[in-house]
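Note sheet for the following structure.
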Amino acid sequence: MEWFEALVLGIIQGLTEFLPVSSSGHLQIFSALFGLEGEENLTFAVAVHAATVCSTIVILWKEVSVLFKGFFVFKYNDEMAYVLKIFLSMIPVAIVGFCFKDYVETLFGSGLTVVGCMLLVTAVLLSFAYYARPRVKEKISYRDAFVIGLAQACAVLPGLSRSGSTIATGILLGNKKEAVAKFSFLMVLIPILGEALLDLMKGGFSAEASGISTMSLLVGFMAAFVSGCIACRWMINIVKKGKLIWFALYCAIVGILTIVLG
């Protein structure tokens with residue numbers, strides 16, 4: 001992987017991680033165009049996903065710091081309840097990660113047909129969320145947090161947007177759009193950082209193990225971080241205004257093109 005390829009892929013990851021169009025799907029599409037595959041692609045994906053987690057922390061630092069301080073008061077309050085809901089939402093993706101990681105990684109190398117089909121599924125979910133009119137709740141419940149977590153676990157499939165799936169699910173359950181968007185961005189912090197830390201401890205980011213240079217990893221990481229900061233702030237405003245239907249249309253078009261041309 002050349003540095004300019006890492007730059008392009010990093011920007012794509014940063015923008016698409018928060019937009020409901022599947023960052024993993026777009027990474028696979030553009031990786032195929034660049035002729036990248038195997039460990040090189042997987043290691044880079046972990047690195048740039050970690051970069052977008054860092055951008056989430058920067059943009060939502062106020063919310064993160066409030067939750068952190070409230071949780072370590074060690075008494076049941078709104079902040080502790082919110083953190084517990086985040087932990088609850090992580091259970092499904094943790095099970096998938098520990099039990100089905102090899103199978104999911106195999107899917108990343110199974111061609112673009114899966115990506116195209118999952119983009120079409122994303123389009124359907126976003127369309128349902130756009131036209132649904134459920135009774136709006138004041139807070140995300142524990143039950144809703146777990147169901148949103150199930151949506152996140154399903155979104156390990158390349159092409160099925162994580163943010164699109166979790167936000168659409170939260171809206172369909174009757175939660176406020178802005179609240180669901182923030183919960184969606186916060187619930188992924190620990191899983192992605194945990195995966196990146198495990199890969200780092202195993203030496204997965206080394207040039208020998210991954211086949212990708214340190215320079216390319218750094219360029220991709222910084223590109224994903226900067227573009228992620230922009231996309232995170234932008235996406236929260238988009239969800240507030242409820243314009244998800246345009247992303248549904250985009251996913252449908254890209255999904256069909258990916259299936260036909262892939």
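Identifiers for the structure tokens are assigned positionally: chains receive A, B, ... in sequence, residues are indexed from 1 per chain, and ligands are indexed from 1 in the order shown.
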- Task: Write out as a PyMOL selection string the residues lying within 9 Å of His49 in chain A, counting only C-alpha atoms and excluding same-chain residues fewer than 6 positions away.
- Result: chain A and resi 13-14+17+23+192-193+196+221+224-225
- Excluding same-chain residues fewer than 5 positions from Ser55 in chain A, what lies within 9 Å of it counting only C-alpha atoms, as a PyMOL selection string? chain A and resi 14+50+60+224-230+232
Could those selected residues go to a file with N, CA, C and O atoms, as an mmCIF file, in the first residue's frame?
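Contents of result14.cif, freshly written:
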```
data_model
loop_
_atom_site.group_PDB
_atom_site.id
_atom_site.type_symbol
_atom_site.label_atom_id
_atom_site.label_comp_id
_atom_site.auth_asym_id
_atom_site.auth_seq_id
_atom_site.Cartn_x
_atom_site.Cartn_y
_atom_site.Cartn_z
ATOM 1 N N GLY A 14 -12.854 7.881 7.335
ATOM 2 C CA GLY A 14 -13.277 8.942 8.251
ATOM 3 C C GLY A 14 -14.642 9.498 7.906
ATOM 4 O O GLY A 14 -15.475 9.740 8.792
ATOM 5 N N ALA A 50 -9.754 2.771 14.467
ATOM 6 C CA ALA A 50 -9.285 3.346 15.730
ATOM 7 C C ALA A 50 -9.156 4.861 15.615
ATOM 8 O O ALA A 50 -9.443 5.603 16.568
ATOM 9 N N LEU A 60 -17.109 14.563 20.722
ATOM 10 C CA LEU A 60 -18.085 14.363 21.806
ATOM 11 C C LEU A 60 -17.395 14.361 23.171
ATOM 12 O O LEU A 60 -17.847 13.701 24.106
ATOM 13 N N ALA A 224 -7.972 9.576 8.399
ATOM 14 C CA ALA A 224 -9.246 9.113 8.962
ATOM 15 C C ALA A 224 -9.650 9.951 10.164
ATOM 16 O O ALA A 224 -10.835 10.247 10.361
ATOM 17 N N PHE A 225 -8.679 10.352 10.979
ATOM 18 C CA PHE A 225 -8.979 11.152 12.163
ATOM 19 C C PHE A 225 -9.543 12.521 11.784
ATOM 20 O O PHE A 225 -10.582 12.945 12.319
ATOM 21 N N VAL A 226 -8.888 13.212 10.871
ATOM 22 C CA VAL A 226 -9.322 14.567 10.485
ATOM 23 C C VAL A 226 -10.684 14.519 9.792
ATOM 24 O O VAL A 226 -11.600 15.283 10.134
ATOM 25 N N SER A 227 -10.827 13.623 8.804
ATOM 26 C CA SER A 227 -12.109 13.538 8.096
ATOM 27 C C SER A 227 -13.210 13.017 9.018
ATOM 28 O O SER A 227 -14.382 13.396 8.881
ATOM 29 N N GLY A 228 -12.834 12.170 9.997
ATOM 30 C CA GLY A 228 -13.814 11.671 10.961
ATOM 31 C C GLY A 228 -14.356 12.772 11.854
ATOM 32 O O GLY A 228 -15.543 12.787 12.197
ATOM 33 N N CYS A 229 -13.489 13.697 12.260
ATOM 34 C CA CYS A 229 -13.933 14.833 13.079
ATOM 35 C C CYS A 229 -14.986 15.651 12.347
ATOM 36 O O CYS A 229 -15.997 16.061 12.922
ATOM 37 N N ILE A 230 -14.750 15.860 11.056
ATOM 38 C CA ILE A 230 -15.696 16.635 10.244
ATOM 39 C C ILE A 230 -17.024 15.880 10.098
ATOM 40 O O ILE A 230 -18.104 16.443 10.291
ATOM 41 N N CYS A 232 -18.315 13.405 11.925
ATOM 42 C CA CYS A 232 -19.050 13.170 13.169
ATOM 43 C C CYS A 232 -19.952 14.356 13.500
ATOM 44 O O CYS A 232 -21.134 14.187 13.806
#
```
- Ser24 in chain A environment, 7 Å, only C-alpha atoms, sequence neighbours closer than 3 positions dropped, as a PyMOL selection string: chain A and resi 27-28+158-159
Determine, for each residue of range 7-80 of chain A having at least one atom at most 10 Å from an atom of range 84-91 of chain A, the closest pair of atoms and their separation in Å to one decimal, counting only C-alpha atoms; order by chain and ascending number, as CSV.
```
residue,atom,partner,partner_atom,distance
A:Phe71,CA,A:Leu84,CA,9.0
A:Tyr76,CA,A:Leu84,CA,10.0
A:Asp78,CA,A:Leu84,CA,9.9
A:Glu79,CA,A:Leu84,CA,8.6
A:Met80,CA,A:Leu84,CA,6.1
```
Saved selection, atoms kept: N, CA and C atoms, as a PDB file, in the first residue's frame:
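The result, stored in part.pdb:
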```
ATOM      1  N   PHE A  71     -19.813   8.269  36.169  1.00  0.00           N
ATOM      2  CA  PHE A  71     -19.702   6.830  36.410  1.00  0.00           C
ATOM      3  C   PHE A  71     -18.839   6.522  37.630  1.00  0.00           C
ATOM      4  N   TYR A  76     -25.641   5.020  41.654  1.00  0.00           N
ATOM      5  CA  TYR A  76     -26.504   4.942  40.483  1.00  0.00           C
ATOM      6  C   TYR A  76     -27.093   6.310  40.164  1.00  0.00           C
ATOM      7  N   ASP A  78     -27.793   9.161  36.440  1.00  0.00           N
ATOM      8  CA  ASP A  78     -28.067   9.141  35.000  1.00  0.00           C
ATOM      9  C   ASP A  78     -26.836   8.737  34.193  1.00  0.00           C
ATOM     10  N   GLU A  79     -25.675   9.230  34.624  1.00  0.00           N
ATOM     11  CA  GLU A  79     -24.447   8.927  33.890  1.00  0.00           C
ATOM     12  C   GLU A  79     -24.099   7.443  33.995  1.00  0.00           C
ATOM     13  N   MET A  80     -24.203   6.890  35.207  1.00  0.00           N
ATOM     14  CA  MET A  80     -23.913   5.463  35.373  1.00  0.00           C
ATOM     15  C   MET A  80     -24.898   4.620  34.578  1.00  0.00           C
TER      16      MET A  80
END
```
- Task: Using CA of Lys241 in chain A and CA of Thr169 in chain A as the two end points, give the distance in Å to one decimal.
- Result: 17.0 Å
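The gap separating CA of Phe185 in chain A from CA of Ala47 in chain A is 17.2 Å, in Å to one decimal.
Among A:Thr52, A:Tyr82, A:Thr43, A:Ser216, the residue with the shortest atom-to-atom distance to Tyr142 in chain A, counting only C-alpha atoms, is A:Tyr82.
For the set A:Gly116, A:Ser184, A:Lys177, A:Gly111, the residue with the smallest atom-to-atom gap to Val147 in chain A is A:Ser184, counting only C-alpha atoms.
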- Name the residues of range 57-171 of chain A that fall into alpha helix (DSSP H) according to DSSP on the backbone, using the chain letters and numbers of this document, as a ChimeraX atom specification. /A:57-59,61-71,78-99,101-108,113-131,142-154,162-171
- Find, counting only C-alpha atoms, the residue in A:His26, A:Lys69, A:Lys139, A:Arg162 that gets nearest to Leu126 in chain A. A:Arg162
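If you measure from each of A:Pro134, A:Gly220, A:Gly262, A:Gly194 to Phe98 in chain A using only C-alpha atoms, the closest one turns out to be A:Gly194.
Among the candidate residues A:Ala132, A:Ile29, A:Leu36, A:Leu160, the one lying nearest to Leu120 in chain A is A:Leu160, with distances computed using only C-alpha atoms.
Across the model, the gap from CA of Ser127 in chain A to CA of Thr258 in chain A is 19.7 Å.
Excluding Asn237 in chain A itself and same-chain residues fewer than 5 positions from it, the residues having an atom within 12 Å of it are A:Phe18, A:Leu19, A:Lys177, A:Glu178, A:Ala179, A:Ala181, A:Lys182, A:Ile230, A:Ala231, A:Cys232, A:Gly242, A:Lys243, A:Leu244, counting only C-alpha atoms.
The shortest atom-to-atom distance to Leu217 in chain A, with only C-alpha atoms taken into account, belongs to A:Phe44 out of A:Phe34, A:Trp234, A:Phe44, A:Phe4.
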